[in-house]
Amino acid sequence: MNATDVAVTGVAATDGAPMFLLIEADRGDSPPSRLAKEFSKTDCSWVFVNGDAPPDLPADSVVVTYLSDLALVPIVTAAAQHGWHLAVMPHPKMRHMRIGFGISPSLDEAIDDFLRAEKPERVDLLRCNDRPVLNAVLIGESAGLLLGVDSGLSWWDRLRRFFVESRKLSRYAPAAYDIVTEKNKKLQTAAVGIVVVEHGSNSLLSRRILEESSIQDGMLHALVLAPQSWLEMLAFFFRSILLRSGGAARMPAFAGHIKSRELTITSNRAIPYVIDGISLEAAKLTFGVAADGLSIYRGRYLDLGRDSGQPKEIYRIQSLPSLEARRDLILKPLPYLRHAATEDFKDLFVILRENARATPSFLVLMVLSSLLAACGLYADSSPVIIGAMILAPLMAPIISLAMGISRQDQSLIVSSLRTLLRGTGLGIGCAALVAVLLPLQRITPEINARLSPNLIDLGVAILSGIAGAYAHARQEVARSLAGVAIAVALVPPLVVSGIGFGWLDWGVFFGAFLLFVTNLVGILFSATITFSLLGFSPLAKARRGLFVSLAMVAAVSVPLALSFARLVDSQRIASAVEGLTVGEITIRDVVADRRDGRRLIRCNLICPGSSDAASTTTEDYRRVCQMIREILGDDAVIESTLIFRSD
């Protein structure tokens, strides 16, 4: 027997049970003064523990331990076998037992908890390959981050840990695992890490992740981390390491949760794992829970809340890779971008191929939306134009074209281009016909608003392309497509260019057509990238199409940049003139523009009095014009409206 009794003062009774204080002998430990003082008052046997063999103590003994995690493993095993009642005191090298069983890190608090306890509690004991688990079993990479093991670190230490873990990402390679539950539910998946615990009440794993967790329900929990991209894992590191103090712990989107009484994990190679800080390796891991298998004096942080009713097995694996996907993931470094699932490809491609066809419905909607937009533009009615935006079907073939470019699918590209050209021709033709038939040739504000596109319009198109591609790829947000159609407004500029063609006004035609082309290439470029980022095509495959799209964006950006520079210049000039006062005249509502290469200023001149006072303001008006020309140059053209204000 590797135990020696020292200073035995008699056998004290705790409800008739003998009491022992266990201390490690081979580490030269001596009990802290508070511990020695408290237990010297009682008839308690002090036992120095040597090696892995537990002392030979009577059944139903009260066993107080001041031991490290490593020394506690055989003691917990013996306690379960002989019915000892454990009272665990926090040792400097006891970390996992403290976390797993809610022991206070303060020795004074732990002693007080023991002295005040009325009786020990029966709790479950998790075993892994017949070894008791004090806290958790970690398999693979980074599963321990779910346990909150770094919750006490400073901000600088967490930042350093974040970069250390991030640098390891290039080495992450999902491994194949076969998992079988007590009820013979089988899972074949690929994962970078698995964490198994009996409960999560004393770590960040609980309350937000394992709400159905208790140390008295006879169940264990396994969380399977199965990210399918480098970016997913990086986001997990950011939440679990950097944001931990803000309560960011929650179930990652790429994790699965299994709750069962028993669990078996196998793999096609030896499984390295860490049990309570000890690194081991095995061909097979078998987990089981001994219900009420351990009697322990409750720590103040241990939640004993027993589940009501019969605990049910939980099997949430929807986010885990399937067996088919596992073949593409195992033993390969994580890709930077997630690959879309096969079912995502199937459903989306059916929709996109249908959208790429110039169906009768598409042609009818194109004609109706063009005519409706033309009426709205002539009537200067925003609601009518918005209705035409929603009705227009042009967004659909553009998104299909983006997918064709992303995957280099020639049939999808040709079909989408053909439909897009037909829709464009119909839009221009219908608008030109309306312009020829109507005896109106006035540029309304709605028409004028689409004649000078700039870089802001390109930004709107790029964002709309991202939103359109994402909405098509995610059915749950498909309802947002109407908002995307309104935001990008493809048909109105196309119709304005058709009106310009009908009027033979090439300034109107080219100005509006530039806006249409801006929207088109912006959507194509951003939607192509979005589909690649969502995993529908590797960026390497989409490289050629992206290069062409980027070249088109660069080409249209030149006139857009010039237009944006003019806009900035006009705003600067308007701000310089707005609010100036000369005599009794104040300049308001300034609009700066250019006409025939000369600066044009439109403004309102506000002066007190009535129209009878016009002669008294003539000199002030001349001074206003002179001041504006001094600011803008002698060639400035000034168009002003004189407004008399009567207070």
# chains A, B, ... in the order shown; residues from 1 in each chain; ligands from 1
$ residues_around --residues "Arg171 in chain A" --least-positions-apart "4" --cutoff "12 Å" --atoms "only C-alpha atoms" --output "JSON, numbers by chain"
{"A": [140, 141, 165, 166, 167, 192, 230, 331, 332, 333, 334, 335]}
$ residues_around --residues "range 117-132 of chain A" --least-positions-apart "4" --cutoff "6 Å" --atoms "only C-alpha atoms" --output "list in words"
Glu198, Ile215, Gln216, Thr286, Phe287, Gly288, Val289, Ala290, Ala291, Asp292, Gly293, Leu294, Ser295, Ile296 and Tyr297 of chain A
$ residues_around --residues "range 379-387 of chain A" --least-positions-apart "5" --cutoff "7 Å" --atoms "only C-alpha atoms" --output "list of chain:residue names"
A:Leu372, A:Ala373, A:Thr444, A:Pro445, A:Glu446, A:Ile486
$ write_last_selection --atoms "C-alpha atoms" --output "mmCIF file, in the first residue's frame"
data_model
loop_
_atom_site.group_PDB
_atom_site.id
_atom_site.type_symbol
_atom_site.label_atom_id
_atom_site.label_comp_id
_atom_site.auth_asym_id
_atom_site.auth_seq_id
_atom_site.Cartn_x
_atom_site.Cartn_y
_atom_site.Cartn_z
ATOM 1 C CA LEU A 372 -44.307 51.717 -66.831
ATOM 2 C CA ALA A 373 -40.884 53.298 -66.263
ATOM 3 C CA THR A 444 -37.961 66.066 -66.252
ATOM 4 C CA PRO A 445 -36.071 65.918 -62.921
ATOM 5 C CA GLU A 446 -36.422 62.114 -62.900
ATOM 6 C CA ILE A 486 -35.199 49.029 -56.105
#
$ select_by_dssp --residues "range 41-112 of chain A" --states "helix (DSSP H, G or I)" --output "list in words"
Asp69, Leu70, Ala71, Leu72, Val73, Pro74, Ile75, Val76, Thr77, Ala78, Ala79, Ala80, Gln81, His82, His96, Met97, Arg98, Ile99, Gly100, Leu107, Asp108, Glu109, Ala110, Ile111 and Asp112 of chain A
$ residues_around --residues "Ile75 in chain A" --least-positions-apart "3" --cutoff "9 Å" --atoms "only C-alpha atoms" --output "count of residues only"
10
$ residues_around --residues "range 565-576 of chain A" --least-positions-apart "6" --cutoff "7 Å" --atoms "only C-alpha atoms" --output "NGL selection string"
:A and (590-593)
$ closest_residue --among "A:Ala175, A:Val137, A:Leu67, A:Met219" --to "Glu313 in chain A" --atoms "only C-alpha atoms"
A:Met219
$ residues_around --residues "range 512-514 of chain A" --least-positions-apart "6" --cutoff "10 Å" --atoms "only C-alpha atoms" --output "list of chain:residue names"
A:Ile428, A:Ile447, A:Asn448, A:Ala449, A:Arg450, A:Leu451, A:Ser452, A:Pro453, A:Asn454, A:Pro492, A:Pro493, A:Leu494, A:Val495, A:Val496, A:Ser497, A:Gly498, A:Ile499, A:Gly500, A:Trp506, A:Leu520, A:Val556, A:Pro559, A:Leu560
$ write_last_selection --atoms "C-alpha atoms" --output "mmCIF file, in the first residue's frame"
data_model
loop_
_atom_site.group_PDB
_atom_site.id
_atom_site.type_symbol
_atom_site.label_atom_id
_atom_site.label_comp_id
_atom_site.auth_asym_id
_atom_site.auth_seq_id
_atom_site.Cartn_x
_atom_site.Cartn_y
_atom_site.Cartn_z
ATOM 1 C CA ILE A 428 -34.567 50.635 -75.369
ATOM 2 C CA ILE A 447 -34.840 61.902 -66.359
ATOM 3 C CA ASN A 448 -32.120 64.396 -65.462
ATOM 4 C CA ALA A 449 -31.238 62.406 -62.315
ATOM 5 C CA ARG A 450 -30.044 59.531 -64.532
ATOM 6 C CA LEU A 451 -27.844 61.488 -66.919
ATOM 7 C CA SER A 452 -24.724 62.012 -64.799
ATOM 8 C CA PRO A 453 -23.658 58.756 -63.120
ATOM 9 C CA ASN A 454 -20.617 58.798 -60.852
ATOM 10 C CA PRO A 492 -35.086 53.362 -65.458
ATOM 11 C CA PRO A 493 -31.652 54.310 -66.914
ATOM 12 C CA LEU A 494 -32.218 51.845 -69.763
ATOM 13 C CA VAL A 495 -35.553 53.506 -70.516
ATOM 14 C CA VAL A 496 -34.018 57.007 -70.314
ATOM 15 C CA SER A 497 -31.403 55.978 -72.862
ATOM 16 C CA GLY A 498 -34.250 54.700 -75.059
ATOM 17 C CA ILE A 499 -36.029 58.036 -74.696
ATOM 18 C CA GLY A 500 -32.807 59.790 -75.720
ATOM 19 C CA TRP A 506 -27.262 61.597 -77.873
ATOM 20 C CA LEU A 520 -24.502 45.941 -65.087
ATOM 21 C CA VAL A 556 -16.486 52.577 -66.708
ATOM 22 C CA PRO A 559 -15.923 58.597 -66.840
ATOM 23 C CA LEU A 560 -17.558 57.944 -63.475
#
$ residues_around --residues "Asn519 in chain A" --least-positions-apart "4" --cutoff "9 Å" --atoms "only C-alpha atoms" --output "count of residues only"
14
$ select_by_dssp --residues "range 210-361 of chain A" --states "strand (DSSP E)" --output "JSON, numbers by chain"
{"A": [220, 221, 222, 223, 224, 225, 255, 256, 257, 258, 259, 260, 262, 263, 264, 265, 266, 267, 268, 269, 270, 271, 272, 273, 274, 275, 278, 279, 280, 281, 282, 283, 284, 285, 286, 287, 288, 289, 290, 291, 292, 293, 294, 295, 296, 314, 315, 316]}
$ write_last_selection --atoms "N, CA and C atoms" --output "CSV table (one decimal), in the first residue's frame"
chain,number,residue,atom,x,y,z
A,220,LEU,N,-23.9,12.7,-21.0
A,220,LEU,CA,-22.7,13.4,-21.4
A,220,LEU,C,-23.0,14.3,-22.6
A,221,HIS,N,-22.0,15.2,-22.9
A,221,HIS,CA,-22.2,16.1,-24.0
A,221,HIS,C,-21.0,16.1,-24.9
A,222,ALA,N,-21.1,16.0,-26.2
A,222,ALA,CA,-20.0,16.1,-27.1
A,222,ALA,C,-20.3,17.2,-28.1
A,223,LEU,N,-19.4,18.2,-28.2
A,223,LEU,CA,-19.5,19.2,-29.2
A,223,LEU,C,-18.4,19.0,-30.3
A,224,VAL,N,-18.9,18.9,-31.5
A,224,VAL,CA,-18.0,18.6,-32.6
A,224,VAL,C,-17.8,19.8,-33.4
A,225,LEU,N,-16.5,20.2,-33.5
A,225,LEU,CA,-16.1,21.4,-34.3
A,225,LEU,C,-15.8,21.0,-35.7
A,255,ALA,N,-20.7,23.9,-35.5
A,255,ALA,CA,-20.5,22.9,-34.4
A,255,ALA,C,-21.8,22.0,-34.4
A,256,GLY,N,-21.6,20.8,-34.0
A,256,GLY,CA,-22.7,19.9,-33.7
A,256,GLY,C,-22.7,19.5,-32.3
A,257,HIS,N,-23.9,19.1,-31.7
A,257,HIS,CA,-24.0,18.8,-30.3
A,257,HIS,C,-24.7,17.5,-30.2
A,258,ILE,N,-24.1,16.6,-29.4
A,258,ILE,CA,-24.6,15.3,-29.2
A,258,ILE,C,-24.7,15.1,-27.6
A,259,LYS,N,-25.9,14.7,-27.2
A,259,LYS,CA,-26.1,14.4,-25.7
A,259,LYS,C,-26.6,13.0,-25.6
A,260,SER,N,-25.8,12.2,-24.8
A,260,SER,CA,-26.2,10.7,-24.7
A,260,SER,C,-25.6,10.2,-23.4
A,262,GLU,N,-23.9,7.2,-23.5
A,262,GLU,CA,-22.7,6.5,-23.9
A,262,GLU,C,-22.3,7.1,-25.3
A,263,LEU,N,-21.0,7.0,-25.6
A,263,LEU,CA,-20.5,7.5,-26.8
A,263,LEU,C,-19.3,6.7,-27.2
A,264,THR,N,-19.2,6.4,-28.5
A,264,THR,CA,-18.0,5.7,-29.0
A,264,THR,C,-17.4,6.5,-30.2
A,265,ILE,N,-16.2,6.8,-30.1
A,265,ILE,CA,-15.5,7.6,-31.2
A,265,ILE,C,-14.4,6.8,-31.8
A,266,THR,N,-14.4,6.6,-33.1
A,266,THR,CA,-13.3,5.9,-33.7
A,266,THR,C,-12.9,6.7,-34.9
A,267,SER,N,-11.7,6.3,-35.5
A,267,SER,CA,-11.2,7.0,-36.6
A,267,SER,C,-10.4,6.0,-37.5
A,268,ASN,N,-10.0,6.5,-38.6
A,268,ASN,CA,-9.2,5.7,-39.5
A,268,ASN,C,-7.7,5.7,-39.1
A,269,ARG,N,-7.4,6.4,-38.1
A,269,ARG,CA,-6.0,6.4,-37.5
A,269,ARG,C,-6.1,6.6,-36.0
A,270,ALA,N,-4.9,6.5,-35.4
A,270,ALA,CA,-4.9,6.7,-33.9
A,270,ALA,C,-5.4,8.1,-33.5
A,271,ILE,N,-6.2,8.2,-32.5
A,271,ILE,CA,-6.8,9.4,-32.1
A,271,ILE,C,-6.0,10.0,-30.9
A,272,PRO,N,-5.3,11.2,-31.2
A,272,PRO,CA,-4.7,11.9,-30.1
A,272,PRO,C,-5.7,12.7,-29.3
A,273,TYR,N,-5.6,12.6,-28.0
A,273,TYR,CA,-6.6,13.3,-27.2
A,273,TYR,C,-6.0,13.8,-25.9
A,274,VAL,N,-6.6,14.8,-25.2
A,274,VAL,CA,-6.1,15.3,-23.9
A,274,VAL,C,-7.2,15.1,-22.9
A,275,ILE,N,-7.0,14.4,-21.8
A,275,ILE,CA,-7.9,14.2,-20.8
A,275,ILE,C,-7.4,14.9,-19.5
A,278,ILE,N,-3.8,15.8,-19.6
A,278,ILE,CA,-2.8,14.7,-19.9
A,278,ILE,C,-3.0,14.3,-21.4
A,279,SER,N,-1.9,14.3,-22.2
A,279,SER,CA,-2.0,13.9,-23.6
A,279,SER,C,-1.8,12.4,-23.7
A,280,LEU,N,-2.8,11.8,-24.4
A,280,LEU,CA,-2.8,10.4,-24.6
A,280,LEU,C,-3.1,10.1,-26.1
A,281,GLU,N,-3.1,8.8,-26.5
A,281,GLU,CA,-3.5,8.4,-27.8
A,281,GLU,C,-4.2,7.0,-27.7
A,282,ALA,N,-5.2,6.8,-28.5
A,282,ALA,CA,-5.9,5.6,-28.5
A,282,ALA,C,-6.6,5.3,-29.9
A,283,ALA,N,-6.8,4.1,-30.2
A,283,ALA,CA,-7.5,3.7,-31.5
A,283,ALA,C,-9.0,3.9,-31.4
A,284,LYS,N,-9.5,3.9,-30.1
A,284,LYS,CA,-10.9,4.0,-29.9
A,284,LYS,C,-11.2,4.7,-28.6
A,285,LEU,N,-12.1,5.6,-28.5
A,285,LEU,CA,-12.5,6.2,-27.3
A,285,LEU,C,-13.9,5.8,-26.9
A,286,THR,N,-14.1,5.3,-25.7
A,286,THR,CA,-15.4,4.9,-25.2
A,286,THR,C,-15.7,5.7,-24.0
A,287,PHE,N,-16.9,6.4,-24.1
A,287,PHE,CA,-17.3,7.3,-23.0
A,287,PHE,C,-18.6,6.7,-22.4
A,288,GLY,N,-18.7,6.8,-21.1
A,288,GLY,CA,-19.9,6.4,-20.4
A,288,GLY,C,-20.1,7.2,-19.1
A,289,VAL,N,-21.3,7.3,-18.7
A,289,VAL,CA,-21.6,8.1,-17.4
A,289,VAL,C,-22.2,7.2,-16.4
A,290,ALA,N,-21.5,7.1,-15.2
A,290,ALA,CA,-22.0,6.4,-14.1
A,290,ALA,C,-22.9,7.3,-13.3
A,291,ALA,N,-24.2,7.1,-13.5
A,291,ALA,CA,-25.2,8.0,-12.8
A,291,ALA,C,-25.0,7.9,-11.3
A,292,ASP,N,-25.0,9.0,-10.6
A,292,ASP,CA,-24.8,9.1,-9.2
A,292,ASP,C,-23.6,8.2,-8.7
A,293,GLY,N,-22.5,8.3,-9.6
A,293,GLY,CA,-21.4,7.4,-9.3
A,293,GLY,C,-20.4,7.9,-8.3
A,294,LEU,N,-20.6,9.1,-7.8
A,294,LEU,CA,-19.6,9.7,-6.9
A,294,LEU,C,-20.3,10.5,-5.8
A,295,SER,N,-19.8,10.3,-4.6
A,295,SER,CA,-20.4,11.1,-3.5
A,295,SER,C,-19.4,12.2,-3.1
A,296,ILE,N,-19.8,13.5,-3.2
A,296,ILE,CA,-18.9,14.6,-3.0
A,296,ILE,C,-19.6,15.7,-2.2
A,314,ILE,N,-29.9,14.0,-27.4
A,314,ILE,CA,-29.9,15.1,-28.3
A,314,ILE,C,-29.0,14.8,-29.5
A,315,TYR,N,-29.4,15.1,-30.7
A,315,TYR,CA,-28.6,14.7,-31.8
A,315,TYR,C,-28.7,15.8,-32.9
A,316,ARG,N,-27.9,16.9,-32.6
A,316,ARG,CA,-28.0,18.1,-33.5
A,316,ARG,C,-26.7,18.1,-34.4
$ atom_distance --atom1 "CA of Leu394 in chain A" --atom2 "CA of Arg353 in chain A"
14.2 Å
$ closest_residue --among "A:Phe564, A:Leu242, A:Thr518, A:Phe101" --to "Ser549 in chain A" --atoms "only C-alpha atoms"
A:Thr518
$ closest_residue --among "A:Arg588, A:Asp217, A:Met395, A:Phe48" --to "Phe516 in chain A" --atoms "only C-alpha atoms"
A:Met395
$ closest_residue --among "A:Ile631, A:Met389, A:Leu329, A:Ala110" --to "Gly299 in chain A" --atoms "only C-alpha atoms"
A:Ala110
